[in-house]
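Following: one structure in structure tokens, then a few remarks.
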Amino acid sequence: MRRAFAGIVLLVLLTSSLTAATAAELRGVLKDRQGNPIANLAISLIRAELRQSLKSDHLGNFVFKNLVAGEYAVEIDNPNFKAIEGTKAKIKPGESTFLTVILQQVFDVDATRPVPRNDEIRTILRNTADGRLILRNNPNAPVGMPEMASALRGNGLVEFYSGSGWGSGDFTVFPVSPYAGMLTNFAYSEEVSPSLSYVFAGQFVSGDDSLWKVRNSMRYRLGKNQAVELLLGYSRLAFNSRNSVLVNDPSGFSQNPDFLNAVGSARILALGLKHSWNPTEDFSLAYGLEVDRLNASGSETFTSPALEAGWRPWAGGEILARVTSKRATRYNTLQLPNGVVGDVAEPLYLTKIGNTVRVGENRHHEVAGKQQWGSTRAELALFLDQLRGGNSFLVFTPEQNDGAVLDLPFRSTEQRGIRACVSTGSEILNYGIDYVYGTALGFDPPDRHATSVEGGLGTHHYHAVTGRVQTVVPRVHTVVTGLIRVVPGKPLTTVDLFRDTLNVSNQSVNLFVRQVIPFPDLLGFSPRLEALLDLRNVLNHDIGLLHTDMGDYLLVRNPRTVRGGISLVF
């Protein structure tokens with residue numbers, strides 16, 4: 001009896017081990033024919049009369065886990081869409097498979113209805129049952145020519161943004177606010193082998209000063225739950241513009257060790273290593289280190305560690321802890337349609353004032369809890385941002401609107417607080433609201449007359465409310481995002497720096513528009529072309545008015561800008 005019981009237990013353990021060893025997953029993304037991601041759309045995976053269903057996230061991504069090896073059919077559970085590519089998936093034991101599902105939108109078309117006969121008309125433009133338009137010039141010709149397969153790979157992206165500075169453009173901060181010149185971003189990814197992928201990304205900013213950077217990353221997958229990533233980057237900031245007008249006395253800069261007298265340019269060589277590990281389905285761990293070597297008139301080395309751990313204890317819930325120095329923004333991270341991110345972010349930022357450059361470092365610490373119920377997402381987080389190397393602001397005189405530069409003398413500033421976010425919606429309309437309560441550098445007190453700018457600053461508590469609305473017009477492929485931020489007390493430091501990917505650092509109204517431009521299919525090559533428009537700080541761009549013995553000054557972090565651009569995916 002004991003032997004029989006032991007045999008049953010051994011059989012159960014072997015079966016569980018075999019199932020765990022052969023379990024696989026399917027990752028993918030839903031796209032339309034132009035390469036736009038389709039969010040919150042139901043997708044089903046079918047095999048042997050068994051159906052698994054879920055919805056894509058806000059970026060169109062989806063993940064099916066714990067799959068048995070075999071061939072699956074992919075179906076879209078929405079009458080307004082049908083899959084034209086990626087309708088089948090072949091899953092291998094213990095592996096992660098990626099699938100891109102290309103969808104065609106159908107408007108008021110009954111696929112079961114027979115195609116009407118109208119051969120008697122010599123030339124006709126009509127709609128078939130599957131939604132295609134056919135131009136026929138010969139009644140005896142075939143119903144339609146075979147559609148040429150589109151070569152939309154979706155692993156290359158180039159963006160161009162027009163330049164718009166504050167006048168002379170002599171105040172330059174990289175990578176926080178690259179607003180003083182023409183901005184070009186590009187990224188390209190390639191699957192070298194089933195285990196090895198490569199991403200090449202870069203950025204170029206041309207204006208009164210010029211910046212260019214390239215980032216190469218190689219990612220090697222060590223089995224199904226581990227990966228190692230190697231990073232190699234190079235950046236160069238050239239100084240071409242005249243000296244800035246400084247509010248505070250520039251004579252002390254030569255004795256400040258945080259300033260480097262720049263001789264024409266500053267160069268950064270970056271080398272990084274990162275390891276990602278998923279020991280279980282519900283736990284993830286990523287850690288790494290980046291070393292940056294800065295060369296200007298002298299040389300200095302900066303070390304930036306990174307750590308991120310995530311745990312999903314229940315369905316739709318996640319607990320996240322991270323320490324990082326890199327900040328992902330709209331201008332330094334490029335989301336490719338195949339799901340890969342081209343990253344040109346750096347842990348250092350350079351502030352150029354006249355012929356000098358200042359080096360700053362950030363450290364972001366965060367513990368967050370997230371929960372998702374259908375299309376509704378909620379987040380509660382504690383954060384701490386530490387800024388080493390001081391900060392710089394534009395200063396305008398109200399009477400003359402002349403720009404100067406104020407360099408804050410603080411060697412280190414920090415802000416801490418609590419963040420609460422809720423967002424919901426659909427693929428057509430989604431919206432959310434963020435609330436932050438924390439401490440940051442600000443006016444001390446707001447209406448006091450100070451002897452100097454530095455004497456009027458101190459650390460204060462503040463509240464910040466940010467509302468965001470995004471709408472998508474499917475018929476014309478237009479995406480409009482509006483963002484309104486209200487910050488009573490107007491702190492000088494950015495409101496929750498690492499959460500703000502749009503670089504909106506003060507109380508303001510902002511508008512972002514993305515419009516797909518039709519592009520003909522040439523020899524099977526059909527890229528996606530988009531027009532971009534950014535309107536920042538539409539109603540207000542100053543942090544506040546400060547009264548000093550030297551006069552009244554308006555402090556500005558992000559000047560009012562209107563930028564247009566073009567995005568090309570190939």
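Letters A, B, ... mark the chains of the structure tokens in the order given; residue numbers begin at 1 per chain; ligand numbers begin at 1, in order shown.
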
Would you list the contacts of region 36-43 of chain A as a PDB file with N, CA and C atoms, in the first residue's frame, taking every protein, DNA or RNA residue within 9 Å and counting only C-alpha atoms, but skipping same-chain residues closer than 4 positions in sequence?
ATOM      1  N   VAL A  29       1.518  41.595 -30.737  1.00  0.00           N
ATOM      2  CA  VAL A  29       0.992  42.953 -30.792  1.00  0.00           C
ATOM      3  C   VAL A  29      -0.038  43.027 -31.907  1.00  0.00           C
ATOM      4  N   LEU A  30      -1.109  43.793 -31.679  1.00  0.00           N
ATOM      5  CA  LEU A  30      -2.155  44.011 -32.672  1.00  0.00           C
ATOM      6  C   LEU A  30      -1.884  45.333 -33.384  1.00  0.00           C
ATOM      7  N   LYS A  31      -1.841  45.308 -34.721  1.00  0.00           N
ATOM      8  CA  LYS A  31      -1.568  46.499 -35.522  1.00  0.00           C
ATOM      9  C   LYS A  31      -2.573  46.600 -36.655  1.00  0.00           C
ATOM     10  N   ASP A  32      -2.828  47.837 -37.115  1.00  0.00           N
ATOM     11  CA  ASP A  32      -3.589  47.987 -38.343  1.00  0.00           C
ATOM     12  C   ASP A  32      -2.634  47.987 -39.527  1.00  0.00           C
ATOM     13  N   GLN A  52      -8.947  30.432 -25.546  1.00  0.00           N
ATOM     14  CA  GLN A  52      -8.439  31.344 -24.523  1.00  0.00           C
ATOM     15  C   GLN A  52      -8.571  32.765 -25.063  1.00  0.00           C
ATOM     16  N   SER A  53      -9.103  33.672 -24.243  1.00  0.00           N
ATOM     17  CA  SER A  53      -9.353  35.026 -24.709  1.00  0.00           C
ATOM     18  C   SER A  53      -8.809  36.033 -23.714  1.00  0.00           C
ATOM     19  N   LEU A  54      -8.386  37.178 -24.245  1.00  0.00           N
ATOM     20  CA  LEU A  54      -7.960  38.306 -23.422  1.00  0.00           C
ATOM     21  C   LEU A  54      -8.020  39.565 -24.272  1.00  0.00           C
ATOM     22  N   LYS A  55      -7.651  40.707 -23.689  1.00  0.00           N
ATOM     23  CA  LYS A  55      -7.641  41.971 -24.407  1.00  0.00           C
ATOM     24  C   LYS A  55      -6.228  42.511 -24.513  1.00  0.00           C
ATOM     25  N   SER A  56      -5.938  43.195 -25.611  1.00  0.00           N
ATOM     26  CA  SER A  56      -4.649  43.852 -25.760  1.00  0.00           C
ATOM     27  C   SER A  56      -4.571  45.057 -24.823  1.00  0.00           C
ATOM     28  N   ASP A  57      -3.338  45.428 -24.423  1.00  0.00           N
ATOM     29  CA  ASP A  57      -3.177  46.559 -23.522  1.00  0.00           C
ATOM     30  C   ASP A  57      -3.200  47.873 -24.305  1.00  0.00           C
ATOM     31  N   HIS A  58      -2.818  48.987 -23.649  1.00  0.00           N
ATOM     32  CA  HIS A  58      -2.920  50.300 -24.282  1.00  0.00           C
ATOM     33  C   HIS A  58      -1.935  50.482 -25.419  1.00  0.00           C
ATOM     34  N   LEU A  59      -0.918  49.586 -25.545  1.00  0.00           N
ATOM     35  CA  LEU A  59       0.027  49.632 -26.656  1.00  0.00           C
ATOM     36  C   LEU A  59      -0.248  48.550 -27.701  1.00  0.00           C
ATOM     37  N   GLY A  60      -1.365  47.836 -27.539  1.00  0.00           N
ATOM     38  CA  GLY A  60      -1.699  46.779 -28.477  1.00  0.00           C
ATOM     39  C   GLY A  60      -1.048  45.449 -28.175  1.00  0.00           C
ATOM     40  N   ASN A  61      -0.289  45.340 -27.077  1.00  0.00           N
ATOM     41  CA  ASN A  61       0.426  44.106 -26.758  1.00  0.00           C
ATOM     42  C   ASN A  61      -0.498  43.104 -26.067  1.00  0.00           C
ATOM     43  N   PHE A  62      -0.201  41.809 -26.230  1.00  0.00           N
ATOM     44  CA  PHE A  62      -0.933  40.752 -25.543  1.00  0.00           C
ATOM     45  C   PHE A  62       0.019  39.613 -25.203  1.00  0.00           C
ATOM     46  N   VAL A  74      -5.797  32.097 -34.524  1.00  0.00           N
ATOM     47  CA  VAL A  74      -5.971  33.392 -33.882  1.00  0.00           C
ATOM     48  C   VAL A  74      -7.233  34.046 -34.433  1.00  0.00           C
ATOM     49  N   GLU A  75      -8.123  34.472 -33.554  1.00  0.00           N
ATOM     50  CA  GLU A  75      -9.353  35.126 -33.965  1.00  0.00           C
ATOM     51  C   GLU A  75      -9.512  36.445 -33.213  1.00  0.00           C
ATOM     52  N   ILE A  76     -10.118  37.409 -33.878  1.00  0.00           N
ATOM     53  CA  ILE A  76     -10.421  38.708 -33.286  1.00  0.00           C
ATOM     54  C   ILE A  76     -11.900  38.754 -32.959  1.00  0.00           C
ATOM     55  N   ASP A  77     -12.201  38.997 -31.684  1.00  0.00           N
ATOM     56  CA  ASP A  77     -13.589  38.977 -31.220  1.00  0.00           C
ATOM     57  C   ASP A  77     -14.206  40.365 -31.317  1.00  0.00           C
ATOM     58  N   ASN A  78     -14.216  40.914 -32.524  1.00  0.00           N
ATOM     59  CA  ASN A  78     -14.806  42.225 -32.755  1.00  0.00           C
ATOM     60  C   ASN A  78     -15.258  42.290 -34.208  1.00  0.00           C
ATOM     61  N   LEU A 103      -4.419  43.808 -38.681  1.00  0.00           N
ATOM     62  CA  LEU A 103      -5.874  43.839 -38.757  1.00  0.00           C
ATOM     63  C   LEU A 103      -6.340  44.820 -39.811  1.00  0.00           C
ATOM     64  N   PRO A 337       6.912  49.459 -34.066  1.00  0.00           N
ATOM     65  CA  PRO A 337       5.687  48.656 -34.171  1.00  0.00           C
ATOM     66  C   PRO A 337       5.879  47.180 -33.838  1.00  0.00           C
ATOM     67  N   GLY A 374     -10.168  45.112 -16.119  1.00  0.00           N
ATOM     68  CA  GLY A 374     -10.591  45.357 -17.490  1.00  0.00           C
ATOM     69  C   GLY A 374      -9.757  46.454 -18.111  1.00  0.00           C
ATOM     70  N   SER A 375     -10.407  47.529 -18.535  1.00  0.00           N
ATOM     71  CA  SER A 375      -9.686  48.651 -19.146  1.00  0.00           C
ATOM     72  C   SER A 375      -9.309  49.730 -18.136  1.00  0.00           C
ATOM     73  N   GLY A 425     -10.803  53.756 -20.232  1.00  0.00           N
ATOM     74  CA  GLY A 425     -11.226  54.117 -21.579  1.00  0.00           C
ATOM     75  C   GLY A 425     -11.176  52.940 -22.525  1.00  0.00           C
ATOM     76  N   SER A 426     -11.200  53.261 -23.807  1.00  0.00           N
ATOM     77  CA  SER A 426     -11.213  52.267 -24.867  1.00  0.00           C
ATOM     78  C   SER A 426     -10.181  52.644 -25.910  1.00  0.00           C
ATOM     79  N   GLU A 427     -10.190  51.902 -27.047  1.00  0.00           N
ATOM     80  CA  GLU A 427      -9.240  52.239 -28.108  1.00  0.00           C
ATOM     81  C   GLU A 427      -9.603  53.552 -28.794  1.00  0.00           C
ATOM     82  N   ILE A 428     -10.827  54.038 -28.618  1.00  0.00           N
ATOM     83  CA  ILE A 428     -11.257  55.294 -29.228  1.00  0.00           C
ATOM     84  C   ILE A 428     -11.016  56.481 -28.295  1.00  0.00           C
ATOM     85  N   HIS A 477      -7.239  58.058 -38.884  1.00  0.00           N
ATOM     86  CA  HIS A 477      -6.018  57.696 -38.166  1.00  0.00           C
ATOM     87  C   HIS A 477      -5.363  58.924 -37.529  1.00  0.00           C
ATOM     88  N   ARG A 528       4.793  53.580 -42.903  1.00  0.00           N
ATOM     89  CA  ARG A 528       3.801  54.412 -42.224  1.00  0.00           C
ATOM     90  C   ARG A 528       4.394  55.798 -42.020  1.00  0.00           C
TER      91      ARG A 528
END

Residue list (strand (DSSP E or B), DSSP) for region 472-536 of chain A, as a PyMOL selection string: chain A and resi 472-473+478-486+508-517+522+525+528-536

Restrict the calculation to only C-alpha atoms, then for each residue of region 313-354 of chain A with any atom at most 10 Å from an atom of region 496-499 of chain A give the closest atom pair and their distance in Å to one decimal, rows by chain and rising residue number, as CSV.
residue,atom,partner,partner_atom,distance
A:Thr324,CA,A:Phe498,CA,9.4
A:Ser325,CA,A:Phe498,CA,9.1
A:Lys326,CA,A:Phe498,CA,8.4
A:Arg327,CA,A:Phe498,CA,5.6
A:Ala328,CA,A:Phe498,CA,7.3
A:Thr329,CA,A:Phe498,CA,8.4

Export all heavy atoms of the chosen residues as an mmCIF file, in the first residue's frame?
data_model
loop_
_atom_site.group_PDB
_atom_site.id
_atom_site.type_symbol
_atom_site.label_atom_id
_atom_site.label_comp_id
_atom_site.auth_asym_id
_atom_site.auth_seq_id
_atom_site.Cartn_x
_atom_site.Cartn_y
_atom_site.Cartn_z
ATOM 1 N N THR A 324 16.664 53.663 -10.525
ATOM 2 C CA THR A 324 17.183 53.901 -11.865
ATOM 3 C C THR A 324 17.664 55.335 -11.994
ATOM 4 O O THR A 324 17.320 56.198 -11.189
ATOM 5 C CB THR A 324 16.111 53.613 -12.929
ATOM 6 O OG1 THR A 324 16.664 53.785 -14.233
ATOM 7 C CG2 THR A 324 14.921 54.541 -12.763
ATOM 8 N N SER A 325 18.473 55.575 -13.015
ATOM 9 C CA SER A 325 18.959 56.920 -13.317
ATOM 10 C C SER A 325 18.526 57.383 -14.695
ATOM 11 O O SER A 325 18.629 58.568 -15.003
ATOM 12 C CB SER A 325 20.489 56.959 -13.231
ATOM 13 O OG SER A 325 20.932 56.651 -11.940
ATOM 14 N N LYS A 326 18.060 56.466 -15.529
ATOM 15 C CA LYS A 326 17.623 56.823 -16.867
ATOM 16 C C LYS A 326 16.149 57.202 -16.849
ATOM 17 O O LYS A 326 15.341 56.535 -16.212
ATOM 18 C CB LYS A 326 17.819 55.648 -17.836
ATOM 19 C CG LYS A 326 19.256 55.380 -18.190
ATOM 20 C CD LYS A 326 19.319 54.315 -19.257
ATOM 21 C CE LYS A 326 20.730 54.045 -19.714
ATOM 22 N NZ LYS A 326 20.770 53.046 -20.795
ATOM 23 N N ARG A 327 15.824 58.236 -17.589
ATOM 24 C CA ARG A 327 14.453 58.692 -17.653
ATOM 25 C C ARG A 327 13.932 58.564 -19.077
ATOM 26 O O ARG A 327 14.492 59.130 -20.015
ATOM 27 C CB ARG A 327 14.367 60.146 -17.191
ATOM 28 C CG ARG A 327 12.959 60.692 -17.235
ATOM 29 C CD ARG A 327 12.942 62.146 -16.837
ATOM 30 N NE ARG A 327 11.612 62.701 -17.051
ATOM 31 C CZ ARG A 327 11.384 63.931 -17.450
ATOM 32 N NH1 ARG A 327 12.393 64.739 -17.674
ATOM 33 N NH2 ARG A 327 10.165 64.365 -17.628
ATOM 34 N N ALA A 328 12.856 57.815 -19.249
ATOM 35 C CA ALA A 328 12.254 57.625 -20.572
ATOM 36 C C ALA A 328 11.309 58.778 -20.868
ATOM 37 O O ALA A 328 10.370 59.028 -20.110
ATOM 38 C CB ALA A 328 11.508 56.297 -20.626
ATOM 39 N N THR A 329 11.566 59.511 -21.961
ATOM 40 C CA THR A 329 10.703 60.602 -22.371
ATOM 41 C C THR A 329 10.295 60.399 -23.826
ATOM 42 O O THR A 329 10.777 59.503 -24.516
ATOM 43 C CB THR A 329 11.402 61.967 -22.226
ATOM 44 O OG1 THR A 329 12.460 62.058 -23.202
ATOM 45 C CG2 THR A 329 11.986 62.135 -20.843
#

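The interatomic distance for the pair CA of Arg27 (chain A) and CA of Ala69 (chain A) works out to 14.2 Å.
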
Neighbour list for Val344 (chain A) as a count of residues only, cut-off 8 Å, only C-alpha atoms, skip fewer than 4 positions in-chain: 8

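Minimum distance to Ala89 (chain A) across A:Leu483, A:Ala73, A:Leu457, A:Met182 (counting only C-alpha atoms) occurs at A:Ala73.
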
Distance criterion (only C-alpha atoms): nearest to Asn338 (chain A) out of A:Tyr553, A:Tyr220, A:Phe98, A:Phe64: A:Phe98

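Interatomic distance, CA of Asn430 (chain A) against CA of Arg416 (chain A): 28.5 Å.
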
Atom pair CA of Val228 (chain A) / CA of Ser197 (chain A): separation (Å): 10.7 Å

Pick from A:Leu231, A:Ala440, A:Trp314, A:Thr466, whichever lies nearest to Val291 (chain A) using only C-alpha atoms: A:Leu231
